[in-house]
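So this block is data_37.cif, mmCIF, C-alpha atoms:
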data_structure
loop_
_atom_site.group_PDB
_atom_site.id
_atom_site.type_symbol
_atom_site.label_atom_id
_atom_site.label_comp_id
_atom_site.auth_asym_id
_atom_site.auth_seq_id
_atom_site.Cartn_x
_atom_site.Cartn_y
_atom_site.Cartn_z
ATOM 1 C CA MET A 92 -7.239 57.212 42.990
ATOM 2 C CA THR A 93 -3.464 57.617 43.316
ATOM 3 C CA THR A 94 -1.062 57.379 40.420
ATOM 4 C CA ALA A 95 0.379 54.140 41.819
ATOM 5 C CA THR A 96 -3.058 52.574 42.076
ATOM 6 C CA GLN A 97 -3.852 53.594 38.502
ATOM 7 C CA HIS A 98 -0.630 51.956 37.314
ATOM 8 C CA GLU A 99 -1.478 48.725 39.149
ATOM 9 C CA VAL A 100 -4.896 48.573 37.517
ATOM 10 C CA GLN A 101 -3.396 49.071 34.067
ATOM 11 C CA THR A 102 -0.665 46.442 34.402
ATOM 12 C CA ASP A 103 -3.025 43.886 35.943
ATOM 13 C CA THR A 104 -5.332 44.040 32.919
ATOM 14 C CA PRO A 105 -4.761 40.861 30.856
ATOM 15 C CA PHE A 106 -3.750 41.246 27.227
ATOM 16 C CA ALA A 107 -6.608 40.248 24.928
ATOM 17 C CA LEU A 108 -6.306 39.252 21.277
ATOM 18 C CA SER A 109 -8.859 40.534 18.796
ATOM 19 C CA HIS A 110 -11.161 37.908 17.276
ATOM 20 C CA LEU A 111 -9.221 38.189 14.002
ATOM 21 C CA ASP A 112 -5.948 37.535 15.833
ATOM 22 C CA VAL A 113 -7.497 34.453 17.457
ATOM 23 C CA LEU A 114 -8.688 33.115 14.102
ATOM 24 C CA GLU A 115 -5.318 33.817 12.503
ATOM 25 C CA ALA A 116 -3.465 32.046 15.317
ATOM 26 C CA GLU A 117 -5.717 28.996 15.018
ATOM 27 C CA SER A 118 -5.209 28.763 11.253
ATOM 28 C CA VAL A 119 -1.452 29.222 11.514
ATOM 29 C CA HIS A 120 -1.350 26.464 14.155
ATOM 30 C CA ILE A 121 -3.263 24.131 11.794
ATOM 31 C CA PHE A 122 -0.833 24.764 8.921
ATOM 32 C CA ARG A 123 2.146 24.050 11.155
ATOM 33 C CA GLU A 124 0.487 20.958 12.614
ATOM 34 C CA VAL A 125 -0.062 19.531 9.131
ATOM 35 C CA ALA A 126 3.545 20.302 8.165
ATOM 36 C CA GLY A 127 4.656 18.269 11.162
ATOM 37 C CA GLU A 128 2.276 15.315 10.731
ATOM 38 C CA PHE A 129 2.109 14.710 6.973
ATOM 39 C CA GLU A 130 4.598 14.018 4.199
ATOM 40 C CA ARG A 131 2.944 15.539 1.081
ATOM 41 C CA PRO A 132 0.316 18.179 1.847
ATOM 42 C CA VAL A 133 -1.176 20.350 -0.906
ATOM 43 C CA ILE A 134 -3.316 23.503 -0.865
ATOM 44 C CA LEU A 135 -6.395 23.673 -3.079
ATOM 45 C CA PHE A 136 -6.003 27.050 -4.786
ATOM 46 C CA SER A 137 -8.492 28.448 -7.276
ATOM 47 C CA GLY A 138 -7.832 32.181 -7.031
ATOM 48 C CA GLY A 139 -11.032 32.643 -5.017
ATOM 49 C CA LYS A 140 -10.957 34.719 -1.829
ATOM 50 C CA ASP A 141 -10.919 31.770 0.605
ATOM 51 C CA SER A 142 -8.013 30.038 -1.132
ATOM 52 C CA ILE A 143 -6.239 33.409 -1.339
ATOM 53 C CA LEU A 144 -6.707 33.802 2.414
ATOM 54 C CA MET A 145 -5.383 30.267 3.007
ATOM 55 C CA LEU A 146 -2.248 31.026 1.012
ATOM 56 C CA HIS A 147 -1.733 34.294 2.891
ATOM 57 C CA LEU A 148 -1.964 32.449 6.224
ATOM 58 C CA ALA A 149 0.400 29.718 5.009
ATOM 59 C CA LEU A 150 2.940 32.364 3.966
ATOM 60 C CA LYS A 151 2.665 33.855 7.461
ATOM 61 C CA ALA A 152 2.927 30.470 9.159
ATOM 62 C CA PHE A 153 6.342 29.673 7.659
ATOM 63 C CA HIS A 154 7.873 33.104 7.038
ATOM 64 C CA PRO A 155 10.693 33.742 6.278
ATOM 65 C CA ALA A 156 10.963 30.198 4.892
ATOM 66 C CA PRO A 157 8.974 29.353 1.741
ATOM 67 C CA VAL A 158 5.628 27.585 1.988
ATOM 68 C CA PRO A 159 6.444 23.844 2.186
ATOM 69 C CA PHE A 160 3.356 22.855 0.164
ATOM 70 C CA SER A 161 2.485 22.958 -3.504
ATOM 71 C CA LEU A 162 -0.858 24.186 -4.857
ATOM 72 C CA LEU A 163 -3.575 22.253 -6.696
ATOM 73 C CA HIS A 164 -6.374 23.660 -8.849
ATOM 74 C CA VAL A 165 -9.147 21.665 -10.513
ATOM 75 C CA ASP A 166 -9.839 23.776 -13.617
ATOM 76 C CA THR A 167 -13.336 23.289 -15.021
ATOM 77 C CA GLY A 168 -12.496 25.192 -18.193
ATOM 78 C CA HIS A 169 -15.353 27.574 -17.373
ATOM 79 C CA ASN A 170 -13.496 29.752 -14.893
ATOM 80 C CA PHE A 171 -13.555 33.537 -14.864
ATOM 81 C CA PRO A 172 -10.546 34.839 -16.834
ATOM 82 C CA GLU A 173 -9.828 37.454 -14.160
ATOM 83 C CA VAL A 174 -9.481 34.733 -11.539
ATOM 84 C CA ILE A 175 -7.176 32.524 -13.622
ATOM 85 C CA ALA A 176 -4.968 35.538 -14.385
ATOM 86 C CA TYR A 177 -4.794 36.316 -10.662
ATOM 87 C CA ARG A 178 -3.962 32.679 -9.845
ATOM 88 C CA ASP A 179 -1.049 32.573 -12.253
ATOM 89 C CA ARG A 180 0.267 35.964 -11.119
ATOM 90 C CA VAL A 181 0.314 34.941 -7.430
ATOM 91 C CA VAL A 182 1.991 31.612 -8.187
ATOM 92 C CA ALA A 183 4.767 33.413 -10.073
ATOM 93 C CA GLN A 184 5.091 36.127 -7.407
ATOM 94 C CA HIS A 185 5.748 33.640 -4.593
ATOM 95 C CA ASN A 186 7.619 31.077 -6.724
ATOM 96 C CA LEU A 187 5.101 28.350 -5.908
ATOM 97 C CA ARG A 188 4.504 25.027 -7.632
ATOM 98 C CA LEU A 189 1.012 24.692 -9.119
ATOM 99 C CA HIS A 190 -0.629 21.422 -10.198
ATOM 100 C CA VAL A 191 -3.636 21.871 -12.486
ATOM 101 C CA ALA A 192 -6.156 19.089 -13.136
ATOM 102 C CA HIS A 193 -8.256 19.938 -16.193
ATOM 103 C CA VAL A 194 -11.844 18.687 -16.372
ATOM 104 C CA GLN A 195 -11.654 19.057 -20.168
ATOM 105 C CA ASP A 196 -8.927 16.386 -20.330
ATOM 106 C CA PHE A 197 -11.254 13.844 -18.707
ATOM 107 C CA ILE A 198 -14.083 14.807 -21.070
ATOM 108 C CA ASP A 199 -11.786 14.404 -24.088
ATOM 109 C CA ARG A 200 -10.762 10.923 -22.887
ATOM 110 C CA GLY A 201 -14.385 9.877 -22.387
ATOM 111 C CA VAL A 202 -14.019 9.475 -18.622
ATOM 112 C CA LEU A 203 -16.558 12.247 -18.000
ATOM 113 C CA ARG A 204 -19.524 13.505 -20.003
ATOM 114 C CA GLU A 205 -20.853 17.032 -20.279
ATOM 115 C CA ARG A 206 -24.033 17.707 -18.326
ATOM 116 C CA PRO A 207 -27.176 18.936 -20.142
ATOM 117 C CA ASP A 208 -27.188 22.112 -18.038
ATOM 118 C CA GLY A 209 -23.595 22.937 -19.022
ATOM 119 C CA THR A 210 -22.227 23.138 -15.487
ATOM 120 C CA ARG A 211 -18.975 21.360 -14.772
ATOM 121 C CA ASN A 212 -18.784 21.885 -11.017
ATOM 122 C CA PRO A 213 -20.170 18.382 -10.275
ATOM 123 C CA LEU A 214 -17.541 16.970 -12.680
ATOM 124 C CA GLN A 215 -14.613 18.096 -10.531
ATOM 125 C CA THR A 216 -14.614 15.063 -8.232
ATOM 126 C CA VAL A 217 -12.890 12.594 -10.590
ATOM 127 C CA PRO A 218 -10.079 15.002 -11.630
ATOM 128 C CA LEU A 219 -9.561 15.972 -7.986
ATOM 129 C CA LEU A 220 -9.231 12.390 -6.756
ATOM 130 C CA ASP A 221 -7.017 11.518 -9.733
ATOM 131 C CA ALA A 222 -4.688 14.437 -8.927
ATOM 132 C CA ILE A 223 -4.538 13.463 -5.242
ATOM 133 C CA GLU A 224 -3.646 9.875 -6.157
ATOM 134 C CA LYS A 225 -1.035 10.802 -8.753
ATOM 135 C CA GLY A 226 0.527 13.425 -6.506
ATOM 136 C CA ARG A 227 0.450 11.040 -3.520
ATOM 137 C CA PHE A 228 -0.946 13.894 -1.414
ATOM 138 C CA ASP A 229 -1.792 12.748 2.099
ATOM 139 C CA ALA A 230 -3.268 16.056 3.334
ATOM 140 C CA VAL A 231 -5.338 18.434 1.211
ATOM 141 C CA PHE A 232 -6.083 21.944 2.478
ATOM 142 C CA GLY A 233 -9.526 23.271 1.535
ATOM 143 C CA GLY A 234 -11.043 26.705 2.133
ATOM 144 C CA GLY A 235 -14.416 25.435 3.376
ATOM 145 C CA ARG A 236 -16.027 27.346 6.239
ATOM 146 C CA ARG A 237 -18.774 26.116 8.534
ATOM 147 C CA ASP A 238 -20.936 29.193 7.973
ATOM 148 C CA GLU A 239 -21.227 28.596 4.218
ATOM 149 C CA GLU A 240 -23.534 25.603 4.002
ATOM 150 C CA LYS A 241 -25.063 23.013 6.340
ATOM 151 C CA ALA A 242 -23.028 20.088 4.958
ATOM 152 C CA ARG A 243 -19.819 22.046 5.539
ATOM 153 C CA ALA A 244 -20.921 22.833 9.084
ATOM 154 C CA LYS A 245 -20.581 19.111 9.902
ATOM 155 C CA GLU A 246 -16.892 18.948 9.034
ATOM 156 C CA ARG A 247 -14.083 18.609 11.520
ATOM 157 C CA VAL A 248 -10.876 20.548 10.881
ATOM 158 C CA PHE A 249 -9.165 17.238 10.008
ATOM 159 C CA SER A 250 -11.585 15.217 7.859
ATOM 160 C CA LEU A 251 -10.523 11.658 7.035
ATOM 161 C CA ARG A 252 -11.204 10.360 3.517
ATOM 162 C CA ASP A 253 -11.063 6.666 2.648
ATOM 163 C CA GLU A 254 -9.053 5.039 -0.156
ATOM 164 C CA PHE A 255 -11.757 6.097 -2.637
ATOM 165 C CA GLY A 256 -11.702 9.707 -1.439
ATOM 166 C CA ALA A 257 -15.156 9.381 0.127
ATOM 167 C CA TRP A 258 -16.306 11.086 3.318
ATOM 168 C CA ASP A 259 -18.073 9.093 6.036
ATOM 169 C CA PRO A 260 -19.592 11.208 8.841
ATOM 170 C CA ARG A 261 -19.394 8.212 11.185
ATOM 171 C CA ARG A 262 -15.590 8.304 10.985
ATOM 172 C CA GLN A 263 -15.317 11.897 12.175
ATOM 173 C CA ARG A 264 -12.852 12.209 15.030
ATOM 174 C CA PRO A 265 -13.165 14.334 18.179
ATOM 175 C CA GLU A 266 -11.030 17.481 18.228
ATOM 176 C CA LEU A 267 -11.082 18.457 21.887
ATOM 177 C CA TRP A 268 -8.643 21.193 22.965
ATOM 178 C CA SER A 269 -7.587 21.685 19.328
ATOM 179 C CA LEU A 270 -5.877 18.302 19.224
ATOM 180 C CA TYR A 271 -5.959 17.033 15.645
ATOM 181 C CA ASN A 272 -5.639 13.374 14.675
ATOM 182 C CA GLY A 273 -3.983 12.952 11.297
ATOM 183 C CA ARG A 274 -3.604 9.174 11.485
ATOM 184 C CA HIS A 275 -4.529 7.474 8.215
ATOM 185 C CA ALA A 276 -3.913 4.194 6.418
ATOM 186 C CA VAL A 277 -2.112 3.779 3.102
ATOM 187 C CA GLY A 278 -4.347 5.119 0.320
ATOM 188 C CA GLU A 279 -6.370 7.318 2.649
ATOM 189 C CA HIS A 280 -5.866 11.047 3.012
ATOM 190 C CA VAL A 281 -7.087 13.886 5.203
ATOM 191 C CA ARG A 282 -8.874 17.034 4.083
ATOM 192 C CA VAL A 283 -7.873 19.952 6.296
ATOM 193 C CA PHE A 284 -9.978 23.092 6.767
ATOM 194 C CA PRO A 285 -7.979 25.865 8.461
ATOM 195 C CA LEU A 286 -10.800 28.402 7.887
ATOM 196 C CA SER A 287 -13.512 26.277 9.516
ATOM 197 C CA ASN A 288 -14.333 28.811 12.222
ATOM 198 C CA TRP A 289 -14.157 31.914 10.026
ATOM 199 C CA THR A 290 -17.272 33.645 8.697
ATOM 200 C CA GLU A 291 -17.597 35.538 5.433
ATOM 201 C CA LEU A 292 -17.498 38.775 7.429
ATOM 202 C CA ASP A 293 -14.332 37.643 9.238
ATOM 203 C CA VAL A 294 -12.688 36.900 5.894
ATOM 204 C CA TRP A 295 -13.392 40.361 4.532
ATOM 205 C CA GLN A 296 -12.405 42.154 7.730
ATOM 206 C CA TYR A 297 -9.107 40.261 7.724
ATOM 207 C CA ILE A 298 -8.543 41.004 4.033
ATOM 208 C CA GLU A 299 -9.014 44.689 4.830
ATOM 209 C CA ARG A 300 -6.650 44.547 7.824
ATOM 210 C CA GLU A 301 -3.920 42.707 5.925
ATOM 211 C CA GLY A 302 -4.307 44.636 2.663
ATOM 212 C CA ILE A 303 -4.746 41.424 0.630
ATOM 213 C CA GLU A 304 -5.305 41.876 -3.094
ATOM 214 C CA LEU A 305 -8.295 40.089 -4.650
ATOM 215 C CA PRO A 306 -9.493 39.624 -8.236
ATOM 216 C CA GLY A 307 -11.531 42.645 -9.306
ATOM 217 C CA ILE A 308 -14.773 40.679 -9.754
ATOM 218 C CA TYR A 309 -15.236 40.644 -5.957
ATOM 219 C CA TYR A 310 -15.983 44.373 -6.200
ATOM 220 C CA ALA A 311 -18.829 46.101 -8.026
ATOM 221 C CA HIS A 312 -18.299 46.437 -11.755
ATOM 222 C CA GLU A 313 -20.413 46.547 -14.896
ATOM 223 C CA ARG A 314 -20.931 43.208 -16.638
ATOM 224 C CA ASP A 315 -23.254 41.617 -19.199
ATOM 225 C CA VAL A 316 -25.410 39.104 -17.326
ATOM 226 C CA PHE A 317 -28.701 37.260 -17.690
ATOM 227 C CA SER A 318 -31.204 35.999 -15.144
ATOM 228 C CA ARG A 319 -31.713 32.288 -14.442
ATOM 229 C CA ASP A 320 -33.270 30.731 -11.345
ATOM 230 C CA GLY A 321 -33.115 34.034 -9.514
ATOM 231 C CA MET A 322 -29.390 34.593 -10.147
ATOM 232 C CA TRP A 323 -27.376 36.803 -12.492
ATOM 233 C CA LEU A 324 -25.116 34.563 -14.590
ATOM 234 C CA THR A 325 -22.361 35.483 -17.040
ATOM 235 C CA ALA A 326 -22.555 34.320 -20.634
ATOM 236 C CA GLY A 327 -19.807 31.938 -21.699
ATOM 237 C CA GLN A 328 -18.816 28.846 -23.658
ATOM 238 C CA TRP A 329 -20.736 26.668 -21.208
ATOM 239 C CA GLY A 330 -24.016 27.386 -23.013
ATOM 240 C CA GLY A 331 -25.832 30.353 -21.510
ATOM 241 C CA PRO A 332 -27.959 32.290 -22.200
ATOM 242 C CA LYS A 333 -30.993 30.717 -23.852
ATOM 243 C CA ASP A 334 -33.108 32.588 -26.414
ATOM 244 C CA THR A 335 -35.591 33.439 -23.668
ATOM 245 C CA GLU A 336 -32.914 34.897 -21.370
ATOM 246 C CA PRO A 337 -32.101 38.472 -22.425
ATOM 247 C CA VAL A 338 -28.655 39.825 -21.582
ATOM 248 C CA GLU A 339 -28.480 42.989 -19.467
ATOM 249 C CA ARG A 340 -25.668 45.342 -18.535
ATOM 250 C CA ARG A 341 -25.722 45.622 -14.736
ATOM 251 C CA LEU A 342 -23.600 46.826 -11.838
ATOM 252 C CA ILE A 343 -22.791 43.614 -9.976
ATOM 253 C CA ARG A 344 -20.148 41.820 -7.928
ATOM 254 C CA TYR A 345 -19.411 38.220 -6.923
ATOM 255 C CA ARG A 346 -19.513 37.005 -3.324
ATOM 256 C CA THR A 347 -18.017 33.632 -4.215
ATOM 257 C CA VAL A 348 -16.244 32.439 -7.349
ATOM 258 C CA GLY A 349 -16.458 29.069 -9.081
ATOM 259 C CA ASP A 350 -17.585 27.639 -12.407
ATOM 260 C CA MET A 351 -19.178 30.435 -14.478
ATOM 261 C CA SER A 352 -22.198 28.247 -15.221
ATOM 262 C CA CYS A 353 -23.332 28.060 -11.599
ATOM 263 C CA THR A 354 -21.829 31.100 -9.881
ATOM 264 C CA GLY A 355 -24.298 33.952 -9.640
ATOM 265 C CA ALA A 356 -23.549 37.625 -9.151
ATOM 266 C CA VAL A 357 -25.404 40.015 -6.855
ATOM 267 C CA ASP A 358 -26.518 43.563 -7.588
ATOM 268 C CA SER A 359 -24.088 45.791 -5.757
ATOM 269 C CA ASP A 360 -22.458 49.206 -5.782
ATOM 270 C CA ALA A 361 -19.742 48.131 -3.309
ATOM 271 C CA THR A 362 -16.514 49.172 -5.035
ATOM 272 C CA THR A 363 -14.361 49.226 -1.874
ATOM 273 C CA ILE A 364 -13.599 46.783 0.930
ATOM 274 C CA ARG A 365 -15.414 48.956 3.463
ATOM 275 C CA ALA A 366 -18.534 48.976 1.266
ATOM 276 C CA VAL A 367 -18.355 45.184 0.814
ATOM 277 C CA ILE A 368 -18.073 44.666 4.583
ATOM 278 C CA ALA A 369 -21.108 46.874 5.188
ATOM 279 C CA GLU A 370 -23.055 44.959 2.538
ATOM 280 C CA ILE A 371 -22.191 41.557 4.023
ATOM 281 C CA ALA A 372 -23.011 42.701 7.565
ATOM 282 C CA ALA A 373 -26.532 43.591 6.395
ATOM 283 C CA SER A 374 -27.079 40.384 4.387
ATOM 284 C CA ARG A 375 -29.251 37.547 5.701
ATOM 285 C CA LEU A 376 -28.200 35.006 3.055
ATOM 286 C CA THR A 377 -24.976 33.000 3.031
ATOM 287 C CA GLU A 378 -22.770 33.546 0.010
ATOM 288 C CA ARG A 379 -23.347 30.030 -1.346
ATOM 289 C CA GLY A 380 -27.056 30.094 -0.581
ATOM 290 C CA ALA A 381 -27.437 33.295 -2.549
ATOM 291 C CA THR A 382 -25.112 32.674 -5.484
ATOM 292 C CA ARG A 383 -24.310 28.993 -6.085
ATOM 293 C CA ALA A 384 -26.701 27.069 -8.318
ATOM 294 C CA ASP A 385 -24.817 23.787 -7.861
ATOM 295 C CA ASP A 386 -25.832 23.719 -4.191
ATOM 296 C CA LYS A 387 -29.491 23.968 -5.213
ATOM 297 C CA LEU A 388 -29.591 20.878 -7.441
ATOM 298 C CA THR A 389 -31.009 18.868 -4.541
ATOM 299 C CA GLU A 390 -31.570 19.485 -0.833
ATOM 300 C CA ALA A 391 -28.459 17.415 -0.073
ATOM 301 C CA ALA A 392 -26.346 18.364 -3.107
ATOM 302 C CA MET A 393 -23.181 19.214 -1.174
ATOM 303 C CA GLU A 394 -23.622 16.237 1.159
ATOM 304 C CA ASP A 395 -23.829 13.887 -1.822
ATOM 305 C CA ARG A 396 -20.747 15.373 -3.445
ATOM 306 C CA LYS A 397 -18.774 15.063 -0.213
ATOM 307 C CA ARG A 398 -19.605 11.364 0.039
ATOM 308 C CA GLU A 399 -18.340 10.922 -3.543
ATOM 309 C CA GLY A 400 -15.031 12.606 -2.774
ATOM 310 C CA TYR A 401 -15.513 16.287 -3.631
ATOM 311 C CA PHE A 402 -14.923 19.264 -1.303
#

Please render this file's structure as structure tokens.
Amino acid sequence: MTTATQHEVQTDTPFALSHLDVLEAESVHIFREVAGEFERPVILFSGGKDSILMLHLALKAFHPAPVPFSLLHVDTGHNFPEVIAYRDRVVAQHNLRLHVAHVQDFIDRGVLRERPDGTRNPLQTVPLLDAIEKGRFDAVFGGGRRDEEKARAKERVFSLRDEFGAWDPRRQRPELWSLYNGRHAVGEHVRVFPLSNWTELDVWQYIEREGIELPGIYYAHERDVFSRDGMWLTAGQWGGPKDTEPVERRLIRYRTVGDMSCTGAVDSDATTIRAVIAEIAASRLTERGATRADDKLTEAAMEDRKREGYF
């Protein structure tokens, strides 16, 4: 083969994006589309890895301008201190506006009642809808991914919610050719999921590539935990452990982060991103299926909560 022929072959080869570049481009497009279609979008931000990834992508989408959205966190009062500290540090670092809806405030006013099992995750719906109404938010970014749980797999990228915040699967709109329909009536809003097509492995590979900082509890560390329903839970003000649940010091990490009362840890020695990626690649359980007790309350727990206005 001549040198000229070799050159022709090389220049005729089409440029191909990596799968992470494709996912990033799709998410960035979604953020920009929402900025163009809606008046008051907000990003749900808890300090968990998916919301951290969303914020990172939003910063990229509008750089060098600031992110044109504020952040919203529904605080159960039973969050991991490391995660709340991370949340506040990131908000200050990027000069962002954070709205916090406290579940405890609604309990104190008698609007909500504590559950016998101590978990407050199912109590987040009312504070969330109240914050959306008061903030007049017409688009709400969530970090849900289709690989997490079967109810989430049904979601479109733009998910219309009625005036009560409820989700109706019959009102899902087609999204052919990545064309998103943000039309909504007064009082309605749209939940937007820019990470819909990402997997847990994609998230971690992208975090490694971009050098994104996460709260330390996503990596293996020693912690006092107790076993309940096949999961390692952390003791806290929410009520655990019982007298029959001995506390152990174990080397664990968290795959997903939420209310301490229903977020389980996994045994792990993965102290680095590369070790976490290898661990996830070998796992046969989704992160929520393995570590979230609130999704195990009933067979359709997440589906029910979506219809009520959560997620």

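Between CA of Glu205 in chain A and CA of Met351 in chain A the separation is 14.7 Å.
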
Take the PyMOL selection byres ((chain A and resi 313-325) around 6), run it mentally on this structure, and tell me the resulting residues as a short mmCIF file (atom, residue, chain, number, x, y, z; two decimals) with C-alpha atoms, keeping the file's coordinate frame.
data_model
loop_
_atom_site.label_atom_id
_atom_site.label_comp_id
_atom_site.auth_asym_id
_atom_site.auth_seq_id
_atom_site.Cartn_x
_atom_site.Cartn_y
_atom_site.Cartn_z
CA HIS A 312 -18.30 46.44 -11.76
CA ALA A 326 -22.56 34.32 -20.63
CA PRO A 337 -32.10 38.47 -22.42
CA VAL A 338 -28.66 39.83 -21.58
CA GLU A 339 -28.48 42.99 -19.47
CA ARG A 340 -25.67 45.34 -18.54
CA ARG A 341 -25.72 45.62 -14.74
CA LEU A 342 -23.60 46.83 -11.84
CA GLY A 355 -24.30 33.95 -9.64
CA ALA A 356 -23.55 37.62 -9.15
#

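Of the residues listed (A:Leu251, A:Met145, A:Ile198, A:Ile303), A:Leu251 shows the shortest atom-to-atom separation from Val281 in chain A; distances use all atoms listed in the file.
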
Just give me the gap between CA of Arg211 in chain A and CA of Ile143 in chain A in Å, one decimal is fine. 22.1 Å

Residue IDs satisfying the PyMOL selection byres ((chain A and resi 127-141) around 7), as a compact mmCIF listing (two decimals) with C-alpha atoms, in the coordinates of the input:
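And here is the file that came out, expr-v3.txt:
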# COMPACT_ATOMS: atom_id res chain seq x y z
CA ARG A 123 2.15 24.05 11.16
CA GLU A 124 0.49 20.96 12.61
CA VAL A 125 -0.06 19.53 9.13
CA ALA A 126 3.54 20.30 8.16
CA SER A 142 -8.01 30.04 -1.13
CA ILE A 143 -6.24 33.41 -1.34
CA LEU A 144 -6.71 33.80 2.41
CA MET A 145 -5.38 30.27 3.01
CA PHE A 160 3.36 22.86 0.16
CA SER A 161 2.48 22.96 -3.50
CA LEU A 162 -0.86 24.19 -4.86
CA LEU A 163 -3.58 22.25 -6.70
CA HIS A 164 -6.37 23.66 -8.85
CA VAL A 174 -9.48 34.73 -11.54
CA ILE A 175 -7.18 32.52 -13.62
CA TYR A 177 -4.79 36.32 -10.66
CA ARG A 178 -3.96 32.68 -9.85
CA ARG A 227 0.45 11.04 -3.52
CA PHE A 228 -0.95 13.89 -1.41
CA ASP A 229 -1.79 12.75 2.10
CA ALA A 230 -3.27 16.06 3.33
CA VAL A 231 -5.34 18.43 1.21
CA PHE A 232 -6.08 21.94 2.48
CA GLY A 233 -9.53 23.27 1.54
CA GLY A 234 -11.04 26.70 2.13
CA GLY A 273 -3.98 12.95 11.30
CA LEU A 305 -8.30 40.09 -4.65
CA VAL A 348 -16.24 32.44 -7.35

On this file, the PyMOL selection byres ((chain A and resi 266) around 12) gives some set of residues; write that set as a ChimeraX atom specification. /A:246-250,263-265,267-273

Box along x, y and z, 8 Å on every side, all listed atoms of range 322-332 of chain A inside: centre and edge lengths in Å to one decimal, as AutoDock Vina command-line options.
--center_x -24.1 --center_y 31.7 --center_z -16.9 --size_x 26.6 --size_y 26.1 --size_z 29.5

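With distances taken over all atoms listed in the file, A:His147 is the one residue among A:His147, A:His190, A:Leu114, A:Glu254 lying closest to Ile298 in chain A.
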
Work out how far apart CA of Val294 in chain A and CA of Tyr309 in chain A are and give it in Å to one decimal. 12.7 Å

Show which residues sit within 10 Å of Ala366 in chain A, as a VMD selection string. Count all atoms listed in the file, and ignore same-chain residues fewer than 6 positions away. chain A and resid 310 to 311 359 to 360 372

Have a look at A:Pro260, A:Pro213, A:Pro218, A:Gly331 and name the one nearest to Arg200 in chain A; count only C-alpha atoms.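 Selected residue with least distance to Arg200 in chain A: A:Pro218.
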
Any idea what's packed within 10 Å of Leu148 in chain A, counting only C-alpha atoms, ignoring anything in its chain fewer than 6 positions away? Could you give it as an mmCIF file with C-alpha atoms, in the coordinates of the input?
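As a result, selection_12.cif now contains:
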data_model
loop_
_atom_site.group_PDB
_atom_site.id
_atom_site.type_symbol
_atom_site.label_atom_id
_atom_site.label_comp_id
_atom_site.auth_asym_id
_atom_site.auth_seq_id
_atom_site.Cartn_x
_atom_site.Cartn_y
_atom_site.Cartn_z
ATOM 1 C CA GLU A 115 -5.318 33.817 12.503
ATOM 2 C CA ALA A 116 -3.465 32.046 15.317
ATOM 3 C CA SER A 118 -5.209 28.763 11.253
ATOM 4 C CA VAL A 119 -1.452 29.222 11.514
ATOM 5 C CA HIS A 120 -1.350 26.464 14.155
ATOM 6 C CA PHE A 122 -0.833 24.764 8.921
ATOM 7 C CA SER A 142 -8.013 30.038 -1.132
ATOM 8 C CA HIS A 154 7.873 33.104 7.038
ATOM 9 C CA VAL A 158 5.628 27.585 1.988
ATOM 10 C CA PRO A 285 -7.979 25.865 8.461
ATOM 11 C CA LEU A 286 -10.800 28.402 7.887
#

Minimum-distance residue to Thr354 in chain A, chosen among A:Phe171, A:Trp295, A:Trp289, A:Phe153 (using only C-alpha atoms):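 Counting only C-alpha atoms, the residue closest to Thr354 in chain A is A:Phe171.
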
Across A:Asp112, A:Glu370, A:Asp350, A:Asp238, the smallest distance to Asn170 in chain A, with all atoms listed in the file counted, is shown by A:Asp350

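Taking all atoms listed in the file into account, Glu301 in chain A lies nearest to A:Lys151 out of the set A:Arg180, A:Val191, A:Lys151, A:His110.
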